[in-house]
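S.K.: So here's data-v3.cif (mmCIF, C-alpha atoms).
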data_input
loop_
_atom_site.label_atom_id
_atom_site.label_comp_id
_atom_site.auth_asym_id
_atom_site.auth_seq_id
_atom_site.Cartn_x
_atom_site.Cartn_y
_atom_site.Cartn_z
CA ALA A 16 -7.04 12.34 9.23
CA ILE A 17 -4.26 14.16 11.06
CA SER A 18 -5.77 17.61 10.51
CA ILE A 19 -9.28 16.39 11.35
CA ALA A 20 -8.10 14.89 14.64
CA HIS A 21 -6.02 17.98 15.42
CA SER A 22 -9.01 20.28 14.82
CA CYS A 23 -11.10 18.51 17.48
CA ASP A 24 -11.19 19.87 21.03
CA SER A 25 -10.99 16.41 22.60
CA PRO A 26 -7.68 15.64 24.38
CA ILE A 27 -7.90 12.12 22.94
CA ALA A 28 -8.12 13.57 19.42
CA GLN A 29 -5.19 15.87 20.12
CA ASN A 30 -3.05 12.93 21.30
CA LEU A 31 -4.17 10.84 18.33
CA SER A 32 -3.18 13.60 15.92
CA ILE A 33 0.36 13.54 17.34
CA TRP A 34 0.53 9.74 17.02
CA MET A 35 -0.95 9.93 13.50
CA CYS A 36 1.68 12.45 12.49
CA GLY A 37 4.44 10.28 13.97
CA THR A 38 3.33 7.09 12.26
CA TYR A 39 2.85 8.97 8.97
CA PHE A 40 6.37 10.34 9.24
CA ALA A 41 7.89 6.95 10.15
CA GLY A 42 5.82 4.71 7.88
CA VAL A 43 5.32 6.89 4.81
CA ILE A 44 7.99 9.57 4.66
CA VAL A 45 10.92 7.59 6.08
CA GLY A 46 9.79 4.03 5.39
CA GLN A 47 8.35 4.42 1.91
CA TRP A 48 9.55 7.71 0.43
CA ILE A 49 13.17 7.33 1.54
CA VAL A 50 14.08 3.69 2.30
CA VAL A 51 11.77 1.83 -0.08
CA TRP A 52 12.08 4.52 -2.78
CA HIS A 53 15.83 3.91 -2.81
CA LEU A 54 15.26 0.17 -3.30
CA ALA A 55 12.55 0.72 -5.94
CA MET A 56 14.83 2.94 -8.01
CA LYS A 57 17.18 -0.02 -8.48
CA ASP A 58 14.45 -2.00 -10.29
CA GLU A 59 15.05 -1.52 -14.02
CA THR A 60 11.42 -2.30 -14.91
CA HIS A 61 10.15 0.47 -12.59
CA ALA A 62 7.26 -1.81 -11.55
CA CYS A 63 8.25 -1.47 -7.87
CA LEU A 64 8.32 2.31 -8.20
CA MET A 65 4.87 2.28 -9.83
CA LYS A 66 3.52 0.13 -7.00
CA LEU A 67 5.07 2.50 -4.47
CA ILE A 68 3.25 5.50 -5.96
CA HIS A 69 -0.07 3.61 -6.06
CA MET A 70 -0.09 2.82 -9.78
CA ASP A 71 -0.99 -0.82 -9.08
CA ALA A 72 -2.79 -1.54 -12.35
CA LEU A 73 0.15 -0.31 -14.40
CA ALA A 74 2.66 -2.18 -12.23
CA SER A 75 0.77 -5.45 -12.68
CA GLY A 76 1.22 -5.16 -16.44
CA ILE A 77 5.01 -5.35 -16.20
CA SER A 78 6.92 -8.61 -15.92
CA LEU A 79 9.23 -8.67 -12.89
CA PRO A 80 12.73 -10.08 -13.17
CA ASP A 81 13.68 -12.46 -10.36
CA ASP A 82 16.07 -9.94 -8.80
CA SER A 83 13.16 -7.47 -8.31
CA LYS A 84 10.90 -9.88 -6.42
CA GLN A 85 12.40 -9.05 -3.03
CA THR A 86 11.97 -5.31 -3.63
CA TRP A 87 8.39 -5.97 -4.75
CA PHE A 88 7.78 -7.82 -1.47
CA ILE A 89 9.32 -5.00 0.59
CA VAL A 90 7.26 -2.31 -1.20
CA ASN A 91 4.04 -4.16 -0.46
CA MET A 92 4.92 -4.94 3.14
CA ALA A 93 5.89 -1.31 3.76
CA ARG A 94 2.61 -0.03 2.38
CA THR A 95 0.46 -2.46 4.35
CA PHE A 96 2.30 -2.48 7.68
CA GLY A 97 3.87 0.99 7.57
CA GLU A 98 0.85 2.93 6.35
CA ASP A 99 -2.49 1.15 5.99
CA ILE A 100 -2.76 -0.86 9.21
CA PRO A 101 -1.38 1.79 11.61
CA GLN A 102 -3.61 4.40 9.97
CA ALA A 103 -6.66 2.13 10.25
CA PHE A 104 -5.92 1.43 13.92
CA GLN A 105 -5.68 5.13 14.74
CA GLN A 106 -8.78 5.98 12.72
CA THR A 107 -10.69 3.29 14.60
CA LEU A 108 -9.63 4.77 17.93
CA PHE A 109 -10.77 8.18 16.70
CA LEU A 110 -14.13 6.81 15.58
CA ILE A 111 -14.73 4.98 18.87
CA TYR A 112 -13.48 7.49 21.44
CA VAL A 113 -13.94 10.88 19.75
CA LYS A 114 -16.73 10.76 17.18
CA GLN A 115 -18.59 7.63 18.36
CA ASN A 116 -19.32 6.82 14.70
CA TYR A 117 -19.45 3.03 14.72
CA SER A 118 -20.79 2.68 11.19
CA MET A 119 -17.60 4.25 9.80
CA ILE A 120 -15.63 1.44 11.41
CA VAL A 121 -17.06 -0.78 8.66
CA SER A 122 -15.36 1.48 6.11
CA VAL A 123 -12.05 1.21 7.97
CA ALA A 124 -12.41 -2.59 8.14
CA VAL A 125 -13.07 -2.78 4.40
CA SER A 126 -9.99 -0.63 3.83
CA VAL A 127 -7.83 -3.01 5.90
CA ALA A 128 -9.28 -6.02 4.08
CA SER A 129 -8.55 -4.35 0.75
CA SER A 130 -4.98 -3.61 1.81
CA CYS A 131 -4.45 -7.21 2.96
CA LYS A 132 -5.91 -8.51 -0.32
CA ALA A 133 -3.59 -6.22 -2.29
CA LEU A 134 -0.65 -7.52 -0.22
CA HIS A 135 -1.68 -11.12 -0.88
CA ASP A 136 -2.08 -10.48 -4.61
CA ALA A 137 1.24 -8.67 -4.84
CA VAL A 138 3.21 -11.27 -2.90
CA SER A 139 1.71 -14.22 -4.74
CA ARG A 140 1.87 -12.68 -8.21
CA SER A 141 3.71 -14.38 -10.99
CA SER A 142 6.86 -12.81 -12.39
CA ILE A 143 5.11 -12.71 -15.76
CA ALA A 144 2.91 -9.63 -16.21
CA ALA A 145 -0.85 -9.95 -15.92
CA GLY A 146 -2.25 -10.64 -19.37
CA ALA A 147 1.13 -11.63 -20.78
CA LYS A 148 0.52 -15.38 -20.74
CA VAL A 149 -0.54 -16.48 -24.19
CA THR A 150 -1.71 -20.00 -24.81
CA GLU A 151 -0.41 -21.89 -27.80
CA ALA A 152 -3.89 -22.03 -29.35
CA ALA A 153 -4.35 -18.26 -29.02
CA TYR A 154 -0.91 -17.67 -30.50
CA TYR A 155 -1.67 -19.76 -33.58
CA ALA A 156 -5.11 -18.18 -33.95
CA VAL A 157 -3.46 -14.77 -34.24
CA VAL A 158 -0.58 -15.96 -36.46
CA LEU A 159 -2.80 -17.90 -38.87
CA ASN A 160 -5.33 -15.09 -39.33
#
Would you mind writing the file out in structure tokens?
M.R.:
Amino acid sequence: AISIAHSCDSPIAQNLSIWMCGTYFAGVIVGQWIVVWHLAMKDETHACLMKLIHMDALASGISLPDDSKQTWFIVNMARTFGEDIPQAFQQTLFLIYVKQNYSMIVSVAVSVASSCKALHDAVSRSSIAAGAKVTEAAYYAVVLN
């Protein structure tokens, strides 16, 4: 998005590309790759690190110890509020004022909704890994067969 905005002749696009670069640097490089990475490396399960590098399905298959829940929360907040929402806001401005492509705003809105859903799922997830809960009946069905 930064290079696309920068390649446009519009002064609005040029200004947006500078703001996009700044928010990318602050939210992704500093916020996620430096600050949150440091926190995620302290998680012995590496689930927080997997979530940070967008391996969500793999991360959901790992049980989180209680001392990793705060890092898990921080990773998800950083991704949503340090990357996804600022990026969506800037892309919307680009679509309205530079390209006048209003149908693409639907795509940006779906992206924000997806990010918020991922945040909700991550924050409300159980410490036990997805698929790790075994009912007593299922346990005995496997043991007895």
S.K.: Scan for residues within 9 Å of the point (5.0, -1.0, -9.0) in the coordinates of the file, using all atoms listed in the file, and reply as a ChimeraX atom specification.
M.R.: /A:55,60-75,77,87,90
S.K.: Might you spell out which residues the PyMOL selection byres ((chain A and resi 110) around 12) would select in the displayed file, as a PDB file with C-alpha atoms, in the frame of the given file?
M.R.:
ATOM      1  CA  ALA A  16      -7.040  12.340   9.230  1.00  0.00           C
ATOM      2  CA  ILE A  19      -9.280  16.390  11.350  1.00  0.00           C
ATOM      3  CA  ALA A  20      -8.100  14.890  14.640  1.00  0.00           C
ATOM      4  CA  ILE A  27      -7.900  12.120  22.940  1.00  0.00           C
ATOM      5  CA  ALA A  28      -8.120  13.570  19.420  1.00  0.00           C
ATOM      6  CA  LEU A  31      -4.170  10.840  18.330  1.00  0.00           C
ATOM      7  CA  ALA A 103      -6.660   2.130  10.250  1.00  0.00           C
ATOM      8  CA  PHE A 104      -5.920   1.430  13.920  1.00  0.00           C
ATOM      9  CA  GLN A 105      -5.680   5.130  14.740  1.00  0.00           C
ATOM     10  CA  GLN A 106      -8.780   5.980  12.720  1.00  0.00           C
ATOM     11  CA  THR A 107     -10.690   3.290  14.600  1.00  0.00           C
ATOM     12  CA  LEU A 108      -9.630   4.770  17.930  1.00  0.00           C
ATOM     13  CA  PHE A 109     -10.770   8.180  16.700  1.00  0.00           C
ATOM     14  CA  ILE A 111     -14.730   4.980  18.870  1.00  0.00           C
ATOM     15  CA  TYR A 112     -13.480   7.490  21.440  1.00  0.00           C
ATOM     16  CA  VAL A 113     -13.940  10.880  19.750  1.00  0.00           C
ATOM     17  CA  LYS A 114     -16.730  10.760  17.180  1.00  0.00           C
ATOM     18  CA  GLN A 115     -18.590   7.630  18.360  1.00  0.00           C
ATOM     19  CA  ASN A 116     -19.320   6.820  14.700  1.00  0.00           C
ATOM     20  CA  TYR A 117     -19.450   3.030  14.720  1.00  0.00           C
ATOM     21  CA  SER A 118     -20.790   2.680  11.190  1.00  0.00           C
ATOM     22  CA  MET A 119     -17.600   4.250   9.800  1.00  0.00           C
ATOM     23  CA  ILE A 120     -15.630   1.440  11.410  1.00  0.00           C
ATOM     24  CA  VAL A 121     -17.060  -0.780   8.660  1.00  0.00           C
ATOM     25  CA  SER A 122     -15.360   1.480   6.110  1.00  0.00           C
ATOM     26  CA  VAL A 123     -12.050   1.210   7.970  1.00  0.00           C
TER      27      VAL A 123
END
S.K.: Looking at A:Gln85, A:Trp48, A:Phe40, A:His21, which one is nearest to Gln102 of chain A, with distances taken over all atoms listed in the file?
M.R.: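 Ranked by minimum distance to Gln102 of chain A, first place goes to A:Phe40.
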S.K.: The PyMOL selection byres ((chain A and resi 133) around 12) - which residues does that actually catch in the file I just gave you? List them as number ranges by chain.
M.R.: A: 66, 69, 71-72, 75, 88, 90-92, 94-95, 99, 126-132, 134-140
S.K.: What gap, in Å, lies between atom CA of Glu98 of chain A and atom CA of Thr38 of chain A?
M.R.: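 About the pair atom CA of Glu98 of chain A and atom CA of Thr38 of chain A: they are 7.6 Å apart.
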S.K.: Report, in Å to a single decimal, how far apart atom CA of Trp52 of chain A and atom CA of Ser32 of chain A are.
M.R.: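 Separation of atom CA of Ser32 of chain A and atom CA of Trp52 of chain A: 25.8 Å.
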S.K.: Which residue, A:Gly46, A:Val125, A:Pro101, A:Ser22, has the smallest gap to Ile89 of chain A when you use only C-alpha atoms?
M.R.: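 For Ile89 of chain A, the nearest of the candidates is A:Gly46.
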S.K.: Mind pulling up the distance from atom CA of Trp34 of chain A to atom CA of Val50 of chain A?
M.R.: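 Between atom CA of Val50 of chain A and atom CA of Trp34 of chain A the gap is 20.9 Å.
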S.K.: Quick one: of A:Gln29, A:Met56, A:Ile100, A:Asp81, who's nearest to Gly42 of chain A, counting only C-alpha atoms?
M.R.: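 Ranked by minimum distance to Gly42 of chain A, first place goes to A:Ile100.
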S.K.: Under the rule that all atoms listed in the file are counted, which of A:Val43, A:Cys36, A:Ile17, A:Leu54 is the nearest residue to Ser83 of chain A?
M.R.: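 Nearest candidate to Ser83 of chain A out of A:Val43, A:Cys36, A:Ile17, A:Leu54: A:Leu54.
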